[in-house]
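The data block below is structure.txt; it holds compact mmCIF, C-alpha atoms and all ligand atoms.
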```
# COMPACT_ATOMS: atom_id res chain seq x y z
CA MET A 3 0.00 0.00 0.00
CA SER A 4 1.35 3.44 -0.82
CA TYR A 5 2.46 5.31 2.27
CA PRO A 6 3.53 8.89 1.54
CA PHE A 7 4.86 9.77 5.02
CA GLU A 8 8.07 9.25 6.95
CA ILE A 9 8.22 6.06 9.04
CA PHE A 10 10.19 6.67 12.23
CA ASP A 11 12.70 4.05 13.28
CA GLN A 12 12.91 3.87 17.07
CA SER A 13 14.62 0.45 17.13
CA SER A 14 17.80 1.76 18.71
CA SER A 15 16.24 4.35 21.05
CA VAL A 16 15.34 4.01 24.71
CA ILE A 17 11.59 4.41 25.18
CA ASN A 18 10.68 6.74 28.03
CA GLU A 19 7.17 6.41 29.39
CA GLY A 20 4.73 9.21 28.82
CA LYS A 21 1.13 10.26 28.43
CA VAL A 22 -0.71 11.96 25.59
CA GLY A 23 -4.31 13.10 25.22
CA TRP A 24 -6.43 14.51 22.40
CA ARG A 25 -9.99 15.71 22.01
CA CYS A 26 -11.32 15.14 18.50
CA PRO A 27 -14.71 16.21 17.21
CA SER A 28 -17.19 14.34 15.11
CA ASN A 29 -18.01 15.67 11.67
CA ILE A 30 -21.12 15.91 9.54
CA ALA A 31 -20.77 15.13 5.86
CA ILE A 32 -22.58 17.40 3.42
CA VAL A 33 -21.57 15.22 0.45
CA LYS A 34 -21.48 11.69 1.83
CA TYR A 35 -18.93 8.92 1.63
CA TRP A 36 -21.03 5.84 0.90
CA GLY A 37 -19.24 2.96 -0.80
CA LYS A 38 -15.63 1.89 -0.43
CA HIS A 39 -13.04 -0.49 -1.87
CA GLY A 40 -9.58 -1.86 -1.12
CA ARG A 41 -8.18 -0.88 2.24
CA GLN A 42 -10.55 1.89 3.29
CA LEU A 43 -10.53 3.76 -0.01
CA PRO A 44 -13.61 5.81 -0.93
CA LYS A 45 -15.67 5.28 -4.08
CA ASN A 46 -16.29 9.04 -4.26
CA ALA A 47 -15.01 12.23 -2.70
CA SER A 48 -16.82 13.54 0.40
CA LEU A 49 -16.90 16.88 2.18
CA SER A 50 -17.85 17.67 5.77
CA PHE A 51 -18.09 20.25 8.49
CA THR A 52 -15.87 19.45 11.43
CA LEU A 53 -17.88 19.89 14.63
CA THR A 54 -17.05 21.04 18.16
CA ASN A 55 -19.24 19.69 20.95
CA ALA A 56 -19.80 16.11 19.78
CA HIS A 57 -16.33 14.84 20.55
CA THR A 58 -14.20 12.02 21.93
CA ASP A 59 -11.51 12.55 24.58
CA THR A 60 -8.76 9.94 24.46
CA TYR A 61 -5.77 9.61 26.78
CA ILE A 62 -2.99 7.10 26.24
CA SER A 63 -0.26 6.30 28.78
CA TYR A 64 2.59 4.43 27.14
CA SER A 65 5.64 2.51 28.33
CA GLU A 66 8.05 -0.07 26.94
CA ASN A 67 6.81 -3.65 27.42
CA ASN A 68 9.75 -5.86 26.24
CA LYS A 69 7.30 -8.39 24.77
CA GLY A 70 8.11 -7.73 21.15
CA ARG A 71 4.43 -7.05 20.39
CA LEU A 72 1.81 -4.49 21.27
CA SER A 73 -0.11 -4.85 24.53
CA LEU A 74 -2.96 -2.63 25.61
CA SER A 75 -5.85 -2.08 27.95
CA PHE A 76 -8.89 0.01 27.11
CA LEU A 77 -11.36 1.83 29.31
CA PHE A 78 -14.48 3.36 27.74
CA GLU A 79 -16.18 5.95 29.95
CA GLY A 80 -14.12 4.64 32.87
CA LYS A 81 -15.06 0.95 32.46
CA PRO A 82 -13.34 -1.98 30.69
CA ASN A 83 -14.94 -2.67 27.32
CA ASN A 84 -13.75 -5.89 25.67
CA ALA A 85 -15.44 -5.33 22.31
CA PHE A 86 -13.83 -1.90 21.87
CA GLU A 87 -10.50 -3.15 23.23
CA GLU A 88 -10.38 -5.95 20.64
CA LYS A 89 -11.31 -3.55 17.85
CA ILE A 90 -8.61 -1.03 18.80
CA LYS A 91 -6.00 -3.76 19.28
CA LYS A 92 -6.73 -5.24 15.86
CA PHE A 93 -6.59 -1.80 14.30
CA LEU A 94 -3.27 -0.85 15.90
CA GLU A 95 -1.73 -4.24 15.06
CA SER A 96 -2.70 -3.60 11.45
CA VAL A 97 -0.66 -0.39 11.29
CA THR A 98 2.61 -1.48 12.93
CA ALA A 99 4.31 -1.34 9.51
CA PHE A 100 3.84 2.45 9.61
CA TYR A 101 4.30 2.80 13.38
CA PRO A 102 6.89 0.11 14.28
CA VAL A 103 7.28 1.50 17.81
CA LEU A 104 3.83 0.08 18.64
CA ASN A 105 5.38 -3.41 18.79
CA ARG A 106 7.41 -2.31 21.81
CA LEU A 107 4.68 -0.56 23.76
CA ASN A 108 2.14 -1.14 26.45
CA LEU A 109 -0.73 1.31 26.00
CA GLU A 110 -3.29 2.22 28.62
CA ILE A 111 -6.05 3.86 26.64
CA SER A 112 -9.01 5.60 28.18
CA SER A 113 -11.69 7.20 26.09
CA SER A 114 -15.02 8.94 26.57
CA ASN A 115 -17.60 10.52 24.29
CA SER A 116 -19.69 13.62 24.83
CA PHE A 117 -22.63 11.90 23.05
CA PRO A 118 -24.30 8.46 22.97
CA HIS A 119 -22.35 5.71 21.26
CA SER A 120 -23.82 4.31 17.97
CA SER A 121 -26.61 6.85 17.73
CA GLY A 122 -25.98 7.77 14.14
CA ILE A 123 -23.63 10.47 15.34
CA ALA A 124 -20.36 9.34 13.84
CA SER A 125 -18.80 8.06 17.06
CA SER A 126 -16.24 6.07 15.09
CA ALA A 127 -15.11 9.28 13.39
CA SER A 128 -14.21 11.18 16.55
CA ALA A 129 -12.92 8.05 18.31
CA MET A 130 -10.59 6.97 15.53
CA ALA A 131 -9.44 10.53 14.93
CA ALA A 132 -8.55 10.93 18.62
CA ILE A 133 -6.64 7.63 18.68
CA ALA A 134 -4.83 8.60 15.49
CA MET A 135 -3.72 11.94 16.96
CA CYS A 136 -2.49 10.16 20.12
CA ILE A 137 -0.56 7.50 18.17
CA CYS A 138 1.06 10.14 15.94
CA GLU A 139 2.18 12.05 19.01
CA ILE A 140 3.54 8.93 20.74
CA ASP A 141 5.40 8.06 17.54
CA GLN A 142 6.96 11.53 17.48
CA ASN A 143 7.77 11.59 21.20
CA THR A 144 9.54 8.23 21.04
CA SER A 145 11.61 9.25 18.03
CA GLY A 146 13.00 12.51 19.39
CA ASN A 147 10.54 14.69 17.45
CA GLU A 148 8.46 15.74 20.45
CA ASN A 149 8.61 19.40 19.57
CA SER A 150 7.29 19.20 16.04
CA GLU A 151 3.67 19.81 15.11
CA ILE A 152 1.64 16.74 14.22
CA ASP A 153 1.22 16.36 10.47
CA LEU A 154 -2.57 16.35 10.12
CA LYS A 155 -2.41 14.53 6.79
CA LYS A 156 -0.46 11.74 8.43
CA ALA A 157 -2.96 11.59 11.31
CA SER A 158 -5.81 11.66 8.79
CA TYR A 159 -4.29 8.69 6.92
CA LEU A 160 -4.15 6.70 10.16
CA ALA A 161 -7.66 7.75 11.20
CA ARG A 162 -8.99 6.67 7.77
CA LEU A 163 -7.68 3.15 8.28
CA GLY A 164 -9.76 3.03 11.48
CA SER A 165 -12.90 4.53 9.93
CA GLY A 166 -13.24 6.35 6.62
CA SER A 167 -15.14 9.38 7.91
CA ALA A 168 -12.58 9.77 10.73
CA SER A 169 -10.08 10.98 8.13
CA ARG A 170 -12.01 14.27 7.96
CA SER A 171 -12.32 14.82 11.73
CA VAL A 172 -8.70 15.97 12.16
CA ILE A 173 -9.14 18.81 9.64
CA PRO A 174 -10.25 22.21 11.05
CA LEU A 175 -13.55 23.71 9.76
CA LEU A 176 -14.23 21.82 6.53
CA GLY A 177 -12.52 18.63 5.41
CA ALA A 178 -12.58 16.85 2.06
CA TRP A 179 -11.51 13.27 1.51
CA GLY A 180 -11.12 11.55 -1.84
CA VAL A 181 -9.51 12.54 -5.11
CA HIS A 182 -11.42 15.34 -6.82
CA ASP A 183 -10.21 17.61 -9.61
CA LYS A 184 -11.63 20.75 -7.97
CA ILE A 185 -9.97 20.18 -4.60
CA ILE A 186 -6.31 21.05 -4.42
CA ASN A 187 -4.05 18.25 -3.11
CA SER A 188 -7.06 15.96 -2.60
CA SER A 189 -6.31 12.31 -2.02
CA ASP A 190 -8.03 9.00 -1.37
CA LEU A 191 -5.44 8.40 1.36
CA PHE A 192 -6.17 11.34 3.67
CA ALA A 193 -8.42 14.38 4.03
CA VAL A 194 -7.40 17.95 3.25
CA ASP A 195 -8.83 21.34 4.08
CA ILE A 196 -10.88 23.42 1.66
CA ASP A 197 -9.57 26.78 0.62
CA GLU A 198 -11.75 29.77 -0.27
CA VAL A 199 -14.75 29.16 1.98
CA HIS A 200 -17.08 32.12 2.59
CA ASP A 201 -17.06 33.17 6.25
CA VAL A 202 -20.77 32.44 6.67
CA PHE A 203 -20.06 28.70 6.48
CA LYS A 204 -17.51 28.97 9.29
CA THR A 205 -20.34 30.14 11.59
CA PHE A 206 -22.69 27.26 10.78
CA HIS A 207 -24.62 25.52 13.52
CA ASP A 208 -25.54 21.85 13.59
CA ASP A 209 -28.23 21.05 16.18
CA ILE A 210 -28.27 17.28 16.40
CA LEU A 211 -31.83 16.27 17.27
CA ILE A 212 -31.73 12.78 18.73
CA VAL A 213 -34.71 10.75 17.52
CA SER A 214 -33.27 7.52 18.85
CA ALA A 215 -30.06 6.73 20.68
CA ALA A 216 -30.47 2.99 20.07
CA GLU A 217 -27.77 0.96 18.35
CA LYS A 218 -28.14 1.07 14.54
CA SER A 219 -29.74 -2.03 12.96
CA VAL A 220 -27.21 -1.98 10.09
CA SER A 221 -23.70 -0.61 10.69
CA SER A 222 -22.08 1.84 8.28
CA THR A 223 -19.50 -0.78 7.36
CA ALA A 224 -22.27 -3.20 6.33
CA GLY A 225 -24.06 -0.35 4.51
CA HIS A 226 -20.92 0.47 2.47
CA ALA A 227 -20.65 -3.20 1.47
CA LEU A 228 -24.24 -3.23 0.20
CA MET A 229 -23.36 -0.45 -2.25
CA ASP A 230 -21.34 -3.01 -4.24
CA GLY A 231 -24.53 -4.75 -5.34
CA ASN A 232 -26.70 -1.64 -5.63
CA VAL A 233 -27.85 -1.04 -9.22
CA TYR A 234 -27.58 2.73 -8.69
CA SER A 235 -24.04 2.72 -7.30
CA GLU A 236 -22.09 3.93 -10.36
CA ALA A 237 -24.56 6.75 -11.00
CA ARG A 238 -24.35 7.63 -7.31
CA TYR A 239 -20.54 7.91 -7.28
CA GLN A 240 -20.71 10.20 -10.31
CA GLN A 241 -23.46 12.27 -8.66
CA ALA A 242 -21.45 12.67 -5.46
CA ASN A 243 -18.41 13.92 -7.36
CA ASP A 244 -20.59 16.33 -9.38
CA ARG A 245 -22.13 17.60 -6.16
CA ILE A 246 -18.66 18.29 -4.75
CA THR A 247 -17.97 20.47 -7.80
CA GLN A 248 -21.21 22.38 -7.15
CA LEU A 249 -20.62 22.58 -3.40
CA LYS A 250 -17.12 23.97 -3.90
CA GLU A 251 -18.61 26.92 -5.84
CA ILE A 252 -21.46 27.34 -3.35
CA LEU A 253 -19.02 27.46 -0.42
CA GLN A 254 -16.93 30.07 -2.16
CA ALA A 255 -19.92 32.23 -3.10
CA GLY A 256 -21.59 32.03 0.34
CA ASP A 257 -24.80 30.82 -1.34
CA ILE A 258 -26.75 29.52 1.67
CA ASP A 259 -29.92 28.47 -0.18
CA SER A 260 -28.07 26.37 -2.73
CA PHE A 261 -26.02 24.89 0.09
CA GLY A 262 -29.18 23.88 1.96
CA LYS A 263 -30.79 22.33 -1.10
CA LEU A 264 -27.67 20.29 -1.83
CA ALA A 265 -27.33 19.17 1.81
CA GLU A 266 -30.95 17.96 1.92
CA ASP A 267 -30.68 16.23 -1.47
CA GLU A 268 -27.61 14.36 -0.23
CA ALA A 269 -29.35 13.25 2.97
CA MET A 270 -32.31 11.91 0.99
CA THR A 271 -30.03 10.19 -1.52
CA LEU A 272 -28.09 8.42 1.25
CA HIS A 273 -31.23 6.98 2.80
CA ALA A 274 -32.78 6.16 -0.59
CA LEU A 275 -29.66 4.10 -1.33
CA MET A 276 -30.21 2.18 1.89
CA MET A 277 -33.85 1.56 1.06
CA CYS A 278 -33.00 0.17 -2.38
CA SER A 279 -30.08 -1.98 -1.20
CA ASP A 280 -30.52 -5.75 -1.29
CA PRO A 281 -31.55 -6.52 1.39
CA SER A 282 -33.38 -3.26 1.80
CA TYR A 283 -33.25 -1.47 5.13
CA VAL A 284 -34.57 1.73 6.65
CA LEU A 285 -32.83 3.73 9.36
CA LEU A 286 -35.30 6.63 9.34
CA GLU A 287 -37.89 6.76 12.12
CA PRO A 288 -41.34 8.35 12.02
CA GLY A 289 -39.96 11.26 14.07
CA THR A 290 -37.29 11.87 11.43
CA LEU A 291 -39.90 12.30 8.69
CA ASP A 292 -42.10 14.45 10.92
CA MET A 293 -39.18 16.79 11.53
CA ILE A 294 -38.26 16.93 7.83
CA LYS A 295 -41.84 18.05 7.03
CA GLU A 296 -41.77 20.65 9.79
CA ILE A 297 -38.38 22.04 8.69
CA ARG A 298 -39.53 22.42 5.09
CA ALA A 299 -42.85 23.99 6.10
CA PHE A 300 -41.14 26.44 8.48
CA ARG A 301 -38.68 27.47 5.79
CA GLN A 302 -41.41 28.02 3.25
CA ARG A 303 -43.54 30.00 5.71
CA THR A 304 -40.82 32.21 7.17
CA GLY A 305 -38.01 32.24 4.60
CA THR A 306 -35.55 31.38 7.37
CA PRO A 307 -32.54 29.49 5.96
CA ILE A 308 -32.73 26.36 8.12
CA TYR A 309 -31.94 23.00 6.53
CA PHE A 310 -31.32 19.41 7.53
CA THR A 311 -28.97 16.61 6.77
CA LEU A 312 -28.81 13.04 8.03
CA ASP A 313 -26.02 10.65 8.88
CA ALA A 314 -26.41 6.89 8.67
CA GLY A 315 -29.11 6.99 11.34
CA PRO A 316 -32.46 8.57 12.25
CA ASN A 317 -31.18 11.76 13.89
CA ILE A 318 -31.74 15.13 12.26
CA HIS A 319 -28.79 17.49 11.87
CA LEU A 320 -30.28 20.97 11.67
CA LEU A 321 -27.96 23.25 9.71
CA TYR A 322 -28.19 27.04 9.78
CA PRO A 323 -25.95 30.11 9.77
CA ASP A 324 -25.29 31.93 13.04
CA HIS A 325 -27.31 35.01 12.09
CA VAL A 326 -30.59 33.04 12.32
CA SER A 327 -29.74 31.22 15.56
CA ALA A 328 -32.40 33.03 17.64
CA ALA A 329 -35.16 32.00 15.19
CA ALA A 330 -33.72 28.48 15.00
CA GLU A 331 -33.73 28.09 18.76
CA LYS A 332 -37.36 29.12 19.00
CA PHE A 333 -38.33 26.75 16.18
CA VAL A 334 -36.45 23.84 17.74
CA ASN A 335 -37.99 24.39 21.16
CA GLN A 336 -41.54 24.97 19.97
CA THR A 337 -41.81 22.54 17.07
CA LEU A 338 -39.04 19.95 16.85
CA LEU A 339 -38.36 18.94 20.45
CA PRO A 340 -41.54 16.84 20.76
CA PHE A 341 -40.20 14.53 18.04
CA THR A 342 -36.91 13.86 19.86
CA ALA A 343 -36.12 11.19 22.43
CA ASN A 344 -36.72 12.95 25.76
CA GLY A 345 -35.85 16.34 24.30
CA ARG A 346 -32.28 15.36 23.54
CA VAL A 347 -30.38 17.85 21.40
CA ILE A 348 -26.65 18.31 20.99
CA LYS A 349 -26.12 21.92 20.00
CA ASP A 350 -23.05 21.89 17.84
CA LYS A 351 -21.10 24.25 15.59
CA VAL A 352 -18.39 24.14 12.99
CA GLY A 353 -15.10 23.87 14.84
CA ASN A 354 -11.35 23.94 14.72
CA GLY A 355 -10.49 20.26 14.85
CA PRO A 356 -8.25 18.37 17.27
CA GLN A 357 -7.39 19.87 20.63
CA LYS A 358 -4.46 18.73 22.74
CA LEU A 359 -5.47 17.70 26.28
CA VAL A 360 -2.12 16.81 27.89
C1 LIG B 1 -23.07 8.06 6.20
O1 LIG B 1 -16.82 6.23 8.17
O2 LIG B 1 -18.63 5.17 9.56
O3 LIG B 1 -21.58 8.91 7.84
O4 LIG B 1 -15.22 3.54 6.95
O5 LIG B 1 -16.74 1.64 7.48
O6 LIG B 1 -15.93 3.13 9.31
P1 LIG B 1 -16.32 3.02 7.86
O7 LIG B 1 -17.61 3.90 7.64
P2 LIG B 1 -18.00 5.33 8.23
O8 LIG B 1 -19.09 5.79 7.16
C2 LIG B 1 -19.68 7.05 7.30
C3 LIG B 1 -20.80 7.19 6.37
C4 LIG B 1 -21.63 8.43 6.53
C5 LIG B 1 -21.23 9.50 5.54
C6 LIG B 1 -19.97 10.26 5.82
O9 LIG B 1 -19.62 10.53 6.98
O10 LIG B 1 -19.34 10.68 4.82
```

Please re-express this file's structure in structure tokens.
Amino acid sequence: MSYPFEIFDQSSSVINEGKVGWRCPSNIAIVKYWGKHGRQLPKNASLSFTLTNAHTDTYISYSENNKGRLSLSFLFEGKPNNAFEEKIKKFLESVTAFYPVLNRLNLEISSSNSFPHSSGIASSASAMAAIAMCICEIDQNTSGNENSEIDLKKASYLARLGSGSASRSVIPLLGAWGVHDKIINSSDLFAVDIDEVHDVFKTFHDDILIVSAAEKSVSSTAGHALMDGNVYSEARYQQANDRITQLKEILQAGDIDSFGKLAEDEAMTLHALMMCSDPSYVLLEPGTLDMIKEIRAFRQRTGTPIYFTLDAGPNIHLLYPDHVSAAAEKFVNQTLLPFTANGRVIKDKVGNGPQKLV
């Protein structure tokens, strides 16, 4: 596999113990990644807002273990979690070619989310991004590069191997992943930032209205696999790339209405693809559709630029620019809250990406 970054060789260095910690946000895709091939390579380019409040905090204490292979323990929200531990261990063992120091380390990992796990909020995105940032820092610290900045492209590459959408969570503001002729330096291997974005999009809100916090019936990984047999898949990949071209111009121009239309069309396309997969499945809930109707009616009635998108789950992501936040708050409280699970909303905003905790 092509690996365009430096691989540090710590084989002759003494490993001092240490601790690192990173907070990484989730992200919400406007043009969705849906379909993959090879080792976590996307079938089309995707573009997302990096968020702020929906995040994962991950701390890793590391020390030399003299076993000749990686050992680790994993606490999720303060408690041992075997399923997650196995997943992380398998993931880290799969990247020792790029991070050879891992074979000499014992890692004590502890992680917590600011939002419910597997609720359609991309918990894998923030979780894998936070682990990737931690591993990149450990790799640097153990190779005498502790004072250099972490290369976000390198961290994005590692995060992608854990979960595709995680590649975009390390990029401040807006991240794009996947080769696209309108995005400078774009790559299937890591996400990059978007230049020339109108300031209005840097103020965008994303109120995540939780319809259900239950575990998804079909995981994203299984959903991607079903795209391989979907009769619409090739047309879809072309459509996604065309939408990135349009979105790039919309972002530059600050055209909020066109942005909203494109975001909603993408959300509907994603779920339509699920419904016409074989086997077919539906992740939308009645409350999701009720809210979609209310959002469209409110917009038509008042002209307020408030739009929605959806992730691979039933929860509504309400997107709007900061200058209508008072009207949005009133609308959410009066009209949308009754459709949520116990009034659960995560009020989020476009944000600046990874934050160092230790
Ligand atoms: C609908 O990144 O969760 O959220 O690579 O298998 O971990 P894996 O899938 P994942 O898929 C996310 C799909 C999506 C759209 C998106 O975020 O682009």

**Asked** What's the 12 Å shell around Lys81 in chain A, counting only C-alpha atoms, without same-chain residues fewer than 6 positions away, as a ChimeraX atom specification?
**Response** /A:75,87,111-114

**Asked** Between CA of Asp244 in chain A and CA of Cys278 in chain A, what is the spacing in Å?
**Response** 21.5 Å

How close does chain A get to ligand LIG 1 (chain B)? List, as CSV, each residue of chain A within 6 Å, its nearest atom pair and the distance in Å to one decimal, counting all atoms listed in the file.
```
residue,atom,partner,partner_atom,distance
A:Ala31,CA,B:LIG1,O10,4.8
A:Lys34,CA,B:LIG1,O10,3.8
A:Tyr35,CA,B:LIG1,O10,3.7
A:Trp36,CA,B:LIG1,C3,5.6
A:Ser48,CA,B:LIG1,O10,5.8
A:Ser165,CA,B:LIG1,O6,3.4
A:Gly166,CA,B:LIG1,O4,3.5
A:Ser167,CA,B:LIG1,O1,3.6
A:Ser222,CA,B:LIG1,O2,5.0
A:Thr223,CA,B:LIG1,O5,3.7
A:Asp313,CA,B:LIG1,C1,4.8
A:Ala314,CA,B:LIG1,C1,4.3
```

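The spacing separating CA of Pro82 in chain A from CA of Ser63 in chain A amounts to 15.6 Å.
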
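Take the candidates A:Asn18, A:Ser260, A:Asn187, A:Asn354 and check each one against Thr52 in chain A using all atoms listed in the file; the shortest distance goes to A:Asn354.
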
**Message:** Need to verify the contact set: Ala132 in chain A, 12 Å, all atoms listed in the file, exclusion of same-chain residues closer than 3 positions in sequence. Can you return it as a PyMOL selection string?
**Reply:** chain A and resi 22-28+57-62+90+111-115+125-129+135-139+154+157-158+160-162+164-165+168-173+355-359

Selection from above, C-alpha atoms, as a PDB file, in the coordinates of the input, can you write it?
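What follows is the written file again01.pdb:
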```
ATOM      1  CA  VAL A  22      -0.710  11.960  25.590  1.00  0.00           C
ATOM      2  CA  GLY A  23      -4.310  13.100  25.220  1.00  0.00           C
ATOM      3  CA  TRP A  24      -6.430  14.510  22.400  1.00  0.00           C
ATOM      4  CA  ARG A  25      -9.990  15.710  22.010  1.00  0.00           C
ATOM      5  CA  CYS A  26     -11.320  15.140  18.500  1.00  0.00           C
ATOM      6  CA  PRO A  27     -14.710  16.210  17.210  1.00  0.00           C
ATOM      7  CA  SER A  28     -17.190  14.340  15.110  1.00  0.00           C
ATOM      8  CA  HIS A  57     -16.330  14.840  20.550  1.00  0.00           C
ATOM      9  CA  THR A  58     -14.200  12.020  21.930  1.00  0.00           C
ATOM     10  CA  ASP A  59     -11.510  12.550  24.580  1.00  0.00           C
ATOM     11  CA  THR A  60      -8.760   9.940  24.460  1.00  0.00           C
ATOM     12  CA  TYR A  61      -5.770   9.610  26.780  1.00  0.00           C
ATOM     13  CA  ILE A  62      -2.990   7.100  26.240  1.00  0.00           C
ATOM     14  CA  ILE A  90      -8.610  -1.030  18.800  1.00  0.00           C
ATOM     15  CA  ILE A 111      -6.050   3.860  26.640  1.00  0.00           C
ATOM     16  CA  SER A 112      -9.010   5.600  28.180  1.00  0.00           C
ATOM     17  CA  SER A 113     -11.690   7.200  26.090  1.00  0.00           C
ATOM     18  CA  SER A 114     -15.020   8.940  26.570  1.00  0.00           C
ATOM     19  CA  ASN A 115     -17.600  10.520  24.290  1.00  0.00           C
ATOM     20  CA  SER A 125     -18.800   8.060  17.060  1.00  0.00           C
ATOM     21  CA  SER A 126     -16.240   6.070  15.090  1.00  0.00           C
ATOM     22  CA  ALA A 127     -15.110   9.280  13.390  1.00  0.00           C
ATOM     23  CA  SER A 128     -14.210  11.180  16.550  1.00  0.00           C
ATOM     24  CA  ALA A 129     -12.920   8.050  18.310  1.00  0.00           C
ATOM     25  CA  MET A 135      -3.720  11.940  16.960  1.00  0.00           C
ATOM     26  CA  CYS A 136      -2.490  10.160  20.120  1.00  0.00           C
ATOM     27  CA  ILE A 137      -0.560   7.500  18.170  1.00  0.00           C
ATOM     28  CA  CYS A 138       1.060  10.140  15.940  1.00  0.00           C
ATOM     29  CA  GLU A 139       2.180  12.050  19.010  1.00  0.00           C
ATOM     30  CA  LEU A 154      -2.570  16.350  10.120  1.00  0.00           C
ATOM     31  CA  ALA A 157      -2.960  11.590  11.310  1.00  0.00           C
ATOM     32  CA  SER A 158      -5.810  11.660   8.790  1.00  0.00           C
ATOM     33  CA  LEU A 160      -4.150   6.700  10.160  1.00  0.00           C
ATOM     34  CA  ALA A 161      -7.660   7.750  11.200  1.00  0.00           C
ATOM     35  CA  ARG A 162      -8.990   6.670   7.770  1.00  0.00           C
ATOM     36  CA  GLY A 164      -9.760   3.030  11.480  1.00  0.00           C
ATOM     37  CA  SER A 165     -12.900   4.530   9.930  1.00  0.00           C
ATOM     38  CA  ALA A 168     -12.580   9.770  10.730  1.00  0.00           C
ATOM     39  CA  SER A 169     -10.080  10.980   8.130  1.00  0.00           C
ATOM     40  CA  ARG A 170     -12.010  14.270   7.960  1.00  0.00           C
ATOM     41  CA  SER A 171     -12.320  14.820  11.730  1.00  0.00           C
ATOM     42  CA  VAL A 172      -8.700  15.970  12.160  1.00  0.00           C
ATOM     43  CA  ILE A 173      -9.140  18.810   9.640  1.00  0.00           C
ATOM     44  CA  GLY A 355     -10.490  20.260  14.850  1.00  0.00           C
ATOM     45  CA  PRO A 356      -8.250  18.370  17.270  1.00  0.00           C
ATOM     46  CA  GLN A 357      -7.390  19.870  20.630  1.00  0.00           C
ATOM     47  CA  LYS A 358      -4.460  18.730  22.740  1.00  0.00           C
ATOM     48  CA  LEU A 359      -5.470  17.700  26.280  1.00  0.00           C
TER      49      LEU A 359
END
```

**Asked** Using only C-alpha atoms, which of the listed residues (A:Tyr159, A:Phe10, A:Lys69, A:Ser150) sits closest to Ala99 in chain A?
**Response**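 Closest to Ala99 in chain A of all the choices is A:Phe10.
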
**Prompt:** Any idea what the distance is between CA of Ala227 in chain A and CA of Pro316 in chain A?
**Reply:**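 Going from CA of Ala227 in chain A over to CA of Pro316 in chain A covers 19.9 Å.
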
**Message:** Just checking: using all atoms listed in the file, which residue out of A:His39, A:His325, A:Lys21, A:Lys155 ends up closest to Asp230 in chain A?
**Reply:** A:His39

**Message:** Set the distance at 12 Å and use all atoms listed in the file: which residues neighbour Ile30 in chain A once local chain neighbours fewer than 6 positions away are removed? I'd like the list as a VMD selection string.
**Reply:** chain A and resid 48 to 54 56 122 to 125 127 to 128 167 to 168 170 to 171 175 to 178 206 to 210 265 268 to 269 310 to 314 317 to 321 350 to 353

Hey, can you spit out that residue selection with C-alpha atoms as an mmCIF file, in the frame of the given file?
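The resulting file, result35.cif, is shown below:
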```
data_model
loop_
_atom_site.group_PDB
_atom_site.id
_atom_site.type_symbol
_atom_site.label_atom_id
_atom_site.label_comp_id
_atom_site.auth_asym_id
_atom_site.auth_seq_id
_atom_site.Cartn_x
_atom_site.Cartn_y
_atom_site.Cartn_z
ATOM 1 C CA SER A 48 -16.820 13.540 0.400
ATOM 2 C CA LEU A 49 -16.900 16.880 2.180
ATOM 3 C CA SER A 50 -17.850 17.670 5.770
ATOM 4 C CA PHE A 51 -18.090 20.250 8.490
ATOM 5 C CA THR A 52 -15.870 19.450 11.430
ATOM 6 C CA LEU A 53 -17.880 19.890 14.630
ATOM 7 C CA THR A 54 -17.050 21.040 18.160
ATOM 8 C CA ALA A 56 -19.800 16.110 19.780
ATOM 9 C CA GLY A 122 -25.980 7.770 14.140
ATOM 10 C CA ILE A 123 -23.630 10.470 15.340
ATOM 11 C CA ALA A 124 -20.360 9.340 13.840
ATOM 12 C CA SER A 125 -18.800 8.060 17.060
ATOM 13 C CA ALA A 127 -15.110 9.280 13.390
ATOM 14 C CA SER A 128 -14.210 11.180 16.550
ATOM 15 C CA SER A 167 -15.140 9.380 7.910
ATOM 16 C CA ALA A 168 -12.580 9.770 10.730
ATOM 17 C CA ARG A 170 -12.010 14.270 7.960
ATOM 18 C CA SER A 171 -12.320 14.820 11.730
ATOM 19 C CA LEU A 175 -13.550 23.710 9.760
ATOM 20 C CA LEU A 176 -14.230 21.820 6.530
ATOM 21 C CA GLY A 177 -12.520 18.630 5.410
ATOM 22 C CA ALA A 178 -12.580 16.850 2.060
ATOM 23 C CA PHE A 206 -22.690 27.260 10.780
ATOM 24 C CA HIS A 207 -24.620 25.520 13.520
ATOM 25 C CA ASP A 208 -25.540 21.850 13.590
ATOM 26 C CA ASP A 209 -28.230 21.050 16.180
ATOM 27 C CA ILE A 210 -28.270 17.280 16.400
ATOM 28 C CA ALA A 265 -27.330 19.170 1.810
ATOM 29 C CA GLU A 268 -27.610 14.360 -0.230
ATOM 30 C CA ALA A 269 -29.350 13.250 2.970
ATOM 31 C CA PHE A 310 -31.320 19.410 7.530
ATOM 32 C CA THR A 311 -28.970 16.610 6.770
ATOM 33 C CA LEU A 312 -28.810 13.040 8.030
ATOM 34 C CA ASP A 313 -26.020 10.650 8.880
ATOM 35 C CA ALA A 314 -26.410 6.890 8.670
ATOM 36 C CA ASN A 317 -31.180 11.760 13.890
ATOM 37 C CA ILE A 318 -31.740 15.130 12.260
ATOM 38 C CA HIS A 319 -28.790 17.490 11.870
ATOM 39 C CA LEU A 320 -30.280 20.970 11.670
ATOM 40 C CA LEU A 321 -27.960 23.250 9.710
ATOM 41 C CA ASP A 350 -23.050 21.890 17.840
ATOM 42 C CA LYS A 351 -21.100 24.250 15.590
ATOM 43 C CA VAL A 352 -18.390 24.140 12.990
ATOM 44 C CA GLY A 353 -15.100 23.870 14.840
#
```

Using only C-alpha atoms, determine which residues lie at most 8 Å from Leu264 in chain A, disregarding the query and same-chain residues fewer than 3 positions distant; provide the list as a short mmCIF file (atom, residue, chain, number, x, y, z; two decimals) with C-alpha atoms, in the coordinates of the input.
```cif
data_model
loop_
_atom_site.label_atom_id
_atom_site.label_comp_id
_atom_site.auth_asym_id
_atom_site.auth_seq_id
_atom_site.Cartn_x
_atom_site.Cartn_y
_atom_site.Cartn_z
CA ILE A 32 -22.58 17.40 3.42
CA ARG A 245 -22.13 17.60 -6.16
CA LEU A 249 -20.62 22.58 -3.40
CA SER A 260 -28.07 26.37 -2.73
CA PHE A 261 -26.02 24.89 0.09
CA ASP A 267 -30.68 16.23 -1.47
CA GLU A 268 -27.61 14.36 -0.23
#
```
